[in-house]
Structures are given as C-alpha cells and as structure tokens.
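Trainee: There's a structure below that I have some questions on.
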Amino acid sequence: MSRYSFDPKLDPSRDRNRRMAIGAASLLAAIVVGVGLIVVGCNTLNRPGSTTPTPGGEGGFKPSVTIFAPGSAPSAPLTETQPGGAPVDPGSSGTTPAVAAAPTTAVAPMDPRGKIEGIPDFSCPGPRPPPTTFGYGIQSNWPVGDIGFFNSVMAEKLKMNWTKAQVRWKDFEPQQGQYVPYKWQLLDAFTADANQKGLNIVYGILSTPNWARSVTDREGPPDDYNVAAAFFEKVLARYKGCVQAVEVWNEMNIDREWTVPSKQINATDYISFLNAVVPKIREIDPQVTVVMGALSPTGFEAPGQSVDDFTYMDQFVAAGGVALVDCIGVHLNGYNLPPQYEWDEGYNDPTASFRGPFPDGTPHHSWSFKSTLYGYYNRTKKPQCVTEFGWASSENMGGEPIAGFEFAKDNTEAEQAEWIVQGFQIMKDSGFTNWGIVFNLDYVQKDGLPFNEDPNAPYSITRADGVPRPAFDALADMKKD
C-alpha cells in the first residue's frame, strides 16, 4: 500500500501538473546555481594567489613551497607530504607551513624582455654573480613535487651551493609566441626559492618545439638559430641575477639530442648555434657563465648518429669554439670504474659482470671519469663545469636496471657513495673545475617509470620510497670548503 492517500475531491491531473511545474523550476534554479559556481571557481583559479594549477591557461597561479626545518637526521623517507597532505620534514614528525615562493619585495626588477603575458613579472630576491670558489651541486627533477621542500633538502640537508634545472623550450613555447604561463610560474617558484636558499643555479636550455624544426623525429636545434636566440633572451631577461650559469644545449655529439636537416653531426654547426645565441646571453647578463653544452662520453662513431666526444672536442677547438664560452660543460658517467683510474691504467675488477672498462673488455677513454675530465681540459685549456656526474647502482632499488645500464648491477650503494665523494675531491684538486653537479637526487621517485624502464633511476641518491641511500648521507657529511 502507498504511503500517501489522496483526497478524491482533488483533480489528479491538476496535481500532477503542479508537481511537474515545481520540479521544472527547481531544476532551472539548480542549473543557474551550478553555472554560477563554475564561473566563480574559474575566476578563483585565475586570480593572483590561487594555489591550483591551470596548465596552459593564464592567471595568477603561484606554486606553494615548503619551508624546510634544517638540523634533523635524514632517517625518514624524503617525501614531501604525509597522508593528510601536510609537508613532512625528513627525520622529524613535525610539519612545516606552506608559503608562496614569490618574493614579497622586488629586489631586482625584471628586464622587460622577460615578460610573459598573463602572469606577474619576476623579481630576483637576491641577485648575485657566479661565485669564484669551487662549487658543490646536485640536480633534482625540479618541476615534480613540492619545489621548496626539495630545494631545502639540497641546500640545507646536503649543504650544496649549486643546482641545475633543465629548461625544455618545447614545454614553455609549444606554439610560436604562445607561452604556457603555468610552466613559467613553476620556474619562477623554483628560481626564487632556490635563490633565497643560497643555491647558485645553472639552467640547461634545450629541446626545440616542433614548430621551429623541419626534422621532428629527433631532438635538435631549430632550423633558424636566431629563433633559439630569442628564447634564450626571454629566459635570461626574466631571471637575470638569479641564474649564475647557462648551459647551451646538451650532448650535441649524438643524434638523440642534435639532429639537423643535413643529418650530419659536427662541431661547426654547434659553433654557428653559439654565434647566434651567446651574444644575446651576454647582452642580457654579462656576468652569467656561458657553458658549452656537455658532450655525451661515447666511443661510438657512426655518421649521422654519434661522434666520439674527444673527436668532437678536437673539432670544437680547431674551429674556434672555445673562445665563445666561459666554461666547458662535462658529463661524467662513472659506469663501474672508480673515479681515480685513467682508462688505460689496466685496472680490473674481477667481480664485475660488465667487462667494458677492463682489460678483457673494450677499454676506452669514455669509460673513465678522470680521463674524460682531464682529456677535455688538455684539449681546451679552459675551466670545466661538470653539469652531470655520478655512478649508477641497482642495489636495494627493487629490480633490474634498464637495458644498456647493466653496469649498475656491479656497483654497490656503498661504492656509489664513496665514488661520488672521491669525484668531488678529484674535481676540486684539479684546479681547473669550477663546480660539479651530482645526477641525481630524486628521479627514481619522480619519473613515474618502473625501475627497469628508467635510465635515470639507478643514479638517484634516494630510493623509490624516498629513503636516503648511503650516498645521501656521504654527501651531507662531506666537507665542503
């Protein structure tokens, strides 16, 4: 039986019509209220101070960063939030407040050429020239996670004074003249926060958007090098004073990073690129250190695919490239050879399964940290800036390394720690190295790939769950002077 009874004197159809009218009115009111809430929400996202990202759109999104409380031991995982969403200080159970990364007081007004429509101008909170003493640095996967938290780990826990950020042009200007505000705001937050925490910054600028290239199946420079110069100008103008060095491209001796329409790889093309880009850099900021893009240490020679790094460096020197830069960029991949050994010293590790660097393998200068560093200097007689170095280890990482990185299985975590510290000492003792940057702090946590698919993961000095590896503690304890 129905719960409701009706008066037989009432017209059932009239009552039904009345109910339908009331329902329609209620639905219309709900639609109006819903649309209003959407409009208010969109306005909130786009007004200054909003803390929700609006990728690709204009507005005042300001990424939040975390103040890190220094002084605690790194015994807890280096993760930026706990289950409730509050920031975590590694080694403590307390939390720290979130604050806006943007400085409250304009210390260094931005060059107008660095303006990005739709977001506030950037002001460097503490402009400074490149330091003159040897520098210790490490690279984080900076756009991922709590920017301020990881900057604080680098600056206050590891006590580093340099860091590196790769700036991928294609992410910032995917269509000509159309900049992505959200990407620039992330870089604003990273740069201001790192600067305030005493980190000197090297930008590695690379990766051309497809609109500027006729060959798009590989990375490489634009067809018109002057187009790249305009992007470098934009970046340096926006962040003048907060950026102490700029690395001009990356690993130009392999086709994965440098493919041009001719499909040839040679240093003269890169020198033409420098001739277009470097004058813009020097015009914007005469103090910034201009770093030659680091080469890939490789003995592989194949036309259009790869040029041995010593061969490429000889070309670079012969064509006058050294005069265009202040420092020679260096990538030092230690493989499974300790840093103090030259490639031809006959060192042998009988326990190693990867035999490449050893006498019964294929000894070559590219296997050796020391041979690469000194080989570049002996050719260029120029200061060296080591923009990436480290040793891969798969120990306690939960899987096999990606194909091509089998040497990571030969290196223990203890060896990784010992060799990175030794590497810093070798660079400092050389007298010709300006700074070295460890690769990397946290890519294993942030790349979003299984360990066996990620070439960056074995080099991380933290594990996938954020727990510090021995190299983390070794770097934190390492004397830096």
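Convention: chains lettered A, B, ... in structure tokens order; per-chain residue numbering from 1; ligands numbered from 1 as shown.
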Within 9 Å of range 471-474 of chain A, counting only C-alpha atoms, which residues qualify if same-chain residues fewer than 5 places away don't, as a ChimeraX atom specification?

Mentor: /A:74,158,413-421,441,461-462

Trainee: Would you kindly return, as a CSV table (one decimal) with N, CA and C atoms, in the first residue's frame, each protein, DNA or RNA residue with an atom no farther than 10 Å from any atom of Glu453 in chain A, considering only C-alpha atoms and excluding same-chain residues fewer than 6 positions away?

Mentor:
```
chain,number,residue,atom,x,y,z
A,400,GLU,N,65.9,-5.0,-11.8
A,400,GLU,CA,67.0,-4.9,-12.7
A,400,GLU,C,67.1,-3.6,-13.4
A,401,PRO,N,68.2,-3.1,-13.7
A,401,PRO,CA,68.3,-1.8,-14.4
A,401,PRO,C,67.9,-1.9,-15.9
A,402,ILE,N,67.6,-0.8,-16.5
A,402,ILE,CA,67.2,-0.8,-17.9
A,402,ILE,C,68.3,-1.3,-18.8
A,403,ALA,N,67.9,-1.9,-19.9
A,403,ALA,CA,68.9,-2.4,-20.8
A,403,ALA,C,69.9,-1.3,-21.2
```

Trainee: Any chance you could list, as a PyMOL selection string, the residues in range 275-337 of chain A that come up helix (DSSP H, G or I) when DSSP is run on the backbone?

Mentor: chain A and resi 275-284+309-318+321-324

Trainee: When you look at Gln176 in chain A with a cut-off of 12 Å (counting only C-alpha atoms), what residues show up, excluding the ones that are within fewer than 6 positions of it in the same chain? I need them as a ChimeraX atom specification.

Mentor: /A:169-170,208-213,222,227-228,230-231

Trainee: Could you list, as a PyMOL selection string, every residue within 9 Å of Met427 in chain A, counting only C-alpha atoms and ignoring same-chain residues fewer than 6 positions away?

Mentor: chain A and resi 134+370+373+386+433-436

Trainee: Just how far from CA of Pro174 in chain A is CA of Asp193 in chain A, in Å to one decimal?

Mentor: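 CA of Pro174 in chain A lies 25.8 Å from CA of Asp193 in chain A.
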
Trainee: Excluding same-chain residues fewer than 4 positions from Asp309 in chain A, what lies within 8 Å of it counting only C-alpha atoms, as JSON, numbers by chain?

Mentor: {"A": [253, 295, 296, 297, 298, 299, 313, 366]}

Trainee: Give me the residues within 12 Å of range 406-409 of chain A as a PyMOL selection string, counting only C-alpha atoms and dropping any in the same chain fewer than 3 places off.

Mentor: chain A and resi 333-337+349+351-357+367+390-403+412-413+415-416+451-452+455-460

Trainee: Would you save the residues from that selection as a short mmCIF file (atom, residue, chain, number, x, y, z; two decimals), in the first residue's frame, using N, CA and C atoms?

Mentor:
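What ended up in result11.cif:
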```
data_model
loop_
_atom_site.label_atom_id
_atom_site.label_comp_id
_atom_site.auth_asym_id
_atom_site.auth_seq_id
_atom_site.Cartn_x
_atom_site.Cartn_y
_atom_site.Cartn_z
N ASN A 333 80.07 10.01 -16.64
CA ASN A 333 79.36 8.79 -16.26
C ASN A 333 80.38 7.78 -15.80
N GLY A 334 80.35 7.43 -14.53
CA GLY A 334 81.40 6.58 -13.98
C GLY A 334 81.29 5.11 -14.33
N TYR A 335 80.18 4.67 -14.92
CA TYR A 335 79.99 3.25 -15.26
C TYR A 335 80.29 2.39 -14.03
N ASN A 336 81.22 1.45 -14.12
CA ASN A 336 81.61 0.65 -12.94
C ASN A 336 83.11 0.74 -12.70
N LEU A 337 83.68 1.89 -13.03
CA LEU A 337 85.11 2.15 -12.85
C LEU A 337 85.26 3.26 -11.80
N ASP A 349 88.41 -5.20 -12.19
CA ASP A 349 87.55 -5.67 -11.10
C ASP A 349 87.09 -7.07 -11.47
N THR A 351 85.28 -9.14 -10.05
CA THR A 351 83.91 -9.50 -9.67
C THR A 351 82.86 -8.88 -10.58
N ALA A 352 83.28 -7.95 -11.45
CA ALA A 352 82.31 -7.23 -12.27
C ALA A 352 81.79 -8.09 -13.41
N SER A 353 80.49 -8.06 -13.61
CA SER A 353 79.90 -8.81 -14.74
C SER A 353 79.95 -7.99 -16.03
N PHE A 354 79.90 -6.66 -15.90
CA PHE A 354 80.03 -5.80 -17.08
C PHE A 354 81.52 -5.52 -17.29
N ARG A 355 82.09 -6.01 -18.39
CA ARG A 355 83.54 -6.03 -18.55
C ARG A 355 84.07 -4.89 -19.40
N GLY A 356 83.21 -4.00 -19.88
CA GLY A 356 83.64 -2.97 -20.81
C GLY A 356 84.92 -2.23 -20.47
N PRO A 357 85.02 -1.63 -19.28
CA PRO A 357 86.19 -0.79 -18.99
C PRO A 357 87.47 -1.57 -18.68
N TRP A 367 84.99 5.43 -20.79
CA TRP A 367 84.59 4.70 -19.60
C TRP A 367 85.07 5.40 -18.32
N GLY A 390 77.99 11.04 -11.79
CA GLY A 390 77.50 10.11 -10.79
C GLY A 390 77.79 8.67 -11.17
N TRP A 391 77.42 7.77 -10.28
CA TRP A 391 77.57 6.34 -10.51
C TRP A 391 76.22 5.67 -10.27
N ALA A 392 75.86 4.79 -11.18
CA ALA A 392 74.59 4.07 -11.07
C ALA A 392 74.76 2.82 -10.21
N SER A 393 73.75 2.57 -9.37
CA SER A 393 73.72 1.34 -8.59
C SER A 393 72.28 0.85 -8.51
N SER A 394 72.10 -0.45 -8.74
CA SER A 394 70.76 -1.02 -8.65
C SER A 394 70.50 -1.69 -7.31
N GLU A 395 71.47 -1.67 -6.43
CA GLU A 395 71.30 -2.31 -5.13
C GLU A 395 70.14 -1.67 -4.35
N ASN A 396 69.28 -2.49 -3.80
CA ASN A 396 68.13 -2.05 -2.99
C ASN A 396 67.14 -1.18 -3.75
N MET A 397 67.14 -1.30 -5.06
CA MET A 397 66.22 -0.49 -5.86
C MET A 397 65.04 -1.30 -6.39
N GLY A 398 65.00 -2.59 -6.06
CA GLY A 398 63.82 -3.37 -6.33
C GLY A 398 63.69 -3.92 -7.74
N GLY A 399 64.78 -4.03 -8.47
CA GLY A 399 64.66 -4.59 -9.81
C GLY A 399 65.94 -4.51 -10.59
N GLU A 400 65.87 -4.98 -11.82
CA GLU A 400 66.99 -4.93 -12.74
C GLU A 400 67.05 -3.57 -13.43
N PRO A 401 68.25 -3.06 -13.72
CA PRO A 401 68.34 -1.78 -14.43
C PRO A 401 67.89 -1.93 -15.88
N ILE A 402 67.57 -0.81 -16.49
CA ILE A 402 67.16 -0.79 -17.88
C ILE A 402 68.28 -1.31 -18.77
N ALA A 403 67.93 -1.91 -19.90
CA ALA A 403 68.93 -2.43 -20.83
C ALA A 403 69.90 -1.33 -21.24
N THR A 412 77.81 -1.28 -5.76
CA THR A 412 77.02 -1.29 -4.54
C THR A 412 76.64 0.14 -4.17
N GLU A 413 75.69 0.27 -3.29
CA GLU A 413 75.33 1.60 -2.79
C GLU A 413 76.51 2.24 -2.07
N GLU A 415 79.69 1.80 -2.76
CA GLU A 415 80.61 2.29 -3.78
C GLU A 415 80.09 3.57 -4.42
N GLN A 416 78.81 3.61 -4.70
CA GLN A 416 78.23 4.83 -5.25
C GLN A 416 78.55 6.03 -4.35
N PHE A 451 61.42 0.82 -12.37
CA PHE A 451 62.88 0.91 -12.29
C PHE A 451 63.55 0.36 -13.55
N ASN A 452 63.03 -0.74 -14.08
CA ASN A 452 63.68 -1.36 -15.23
C ASN A 452 63.39 -0.66 -16.55
N PRO A 455 66.27 5.09 -17.18
CA PRO A 455 67.73 5.20 -17.16
C PRO A 455 68.25 6.14 -16.08
N ASN A 456 67.39 7.01 -15.55
CA ASN A 456 67.83 7.95 -14.51
C ASN A 456 67.83 7.35 -13.12
N ALA A 457 66.98 6.35 -12.91
CA ALA A 457 66.73 5.85 -11.57
C ALA A 457 67.96 5.30 -10.85
N PRO A 458 68.84 4.51 -11.49
CA PRO A 458 69.97 3.95 -10.74
C PRO A 458 70.93 5.01 -10.21
N TYR A 459 70.89 6.20 -10.78
CA TYR A 459 71.80 7.27 -10.34
C TYR A 459 71.26 8.04 -9.14
N SER A 460 69.99 7.86 -8.81
CA SER A 460 69.39 8.61 -7.70
C SER A 460 70.06 8.26 -6.39
#
```

Trainee: Extract, using only C-alpha atoms, all DNA, RNA and protein residues at most 12 Å from range 243-245 of chain A, discarding same-chain residues fewer than 5 positions from it, and format them as number ranges by chain.

Mentor: A: 124-132, 135, 161-166, 187-188, 190-192, 194-195, 198-205, 235-238, 281-282, 284-293, 325-329, 385-387, 434-435

Trainee: If you measure from CA of Gly404 in chain A to CA of Ile254 in chain A, what distance in Å do you get, rounded to one decimal?

Mentor: 16.0 Å

Trainee: My list of candidates is A:Asn378, A:Tyr270, A:Trp249, A:Ser123. Which is closest to Phe310 in chain A when distances are computed with only C-alpha atoms?

Mentor: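 Of A:Asn378, A:Tyr270, A:Trp249, A:Ser123, the one nearest Phe310 in chain A is A:Asn378, counting only C-alpha atoms.
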
Trainee: What separation in Å, quoted to one decimal, exists between CA of Ile271 in chain A and CA of Leu324 in chain A?

Mentor: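 If I compute the distance from CA of Ile271 in chain A to CA of Leu324 in chain A, I get 8.2 Å.
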
Trainee: Taking the chain letters and numbering used in this document, name the residues of range 190-422 of chain A that DSSP puts in strand (DSSP E or B), as a PyMOL selection string.

Mentor: chain A and resi 200-206+245-248+254+289-292+302+306+327-333+384-390

Trainee: Return the single residue from A:Val260, A:Ala108, A:Ala229, A:Ile116 that is closest to Asp217 in chain A, with distances computed using only C-alpha atoms.

Mentor: A:Val260

Trainee: Pick from A:Ala189, A:Val277, A:Ile437, A:Val330: nearest to Met252 in chain A, with only C-alpha atoms counted?

Mentor: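 Once distances to Met252 in chain A are computed over only C-alpha atoms, the minimum belongs to A:Val330.
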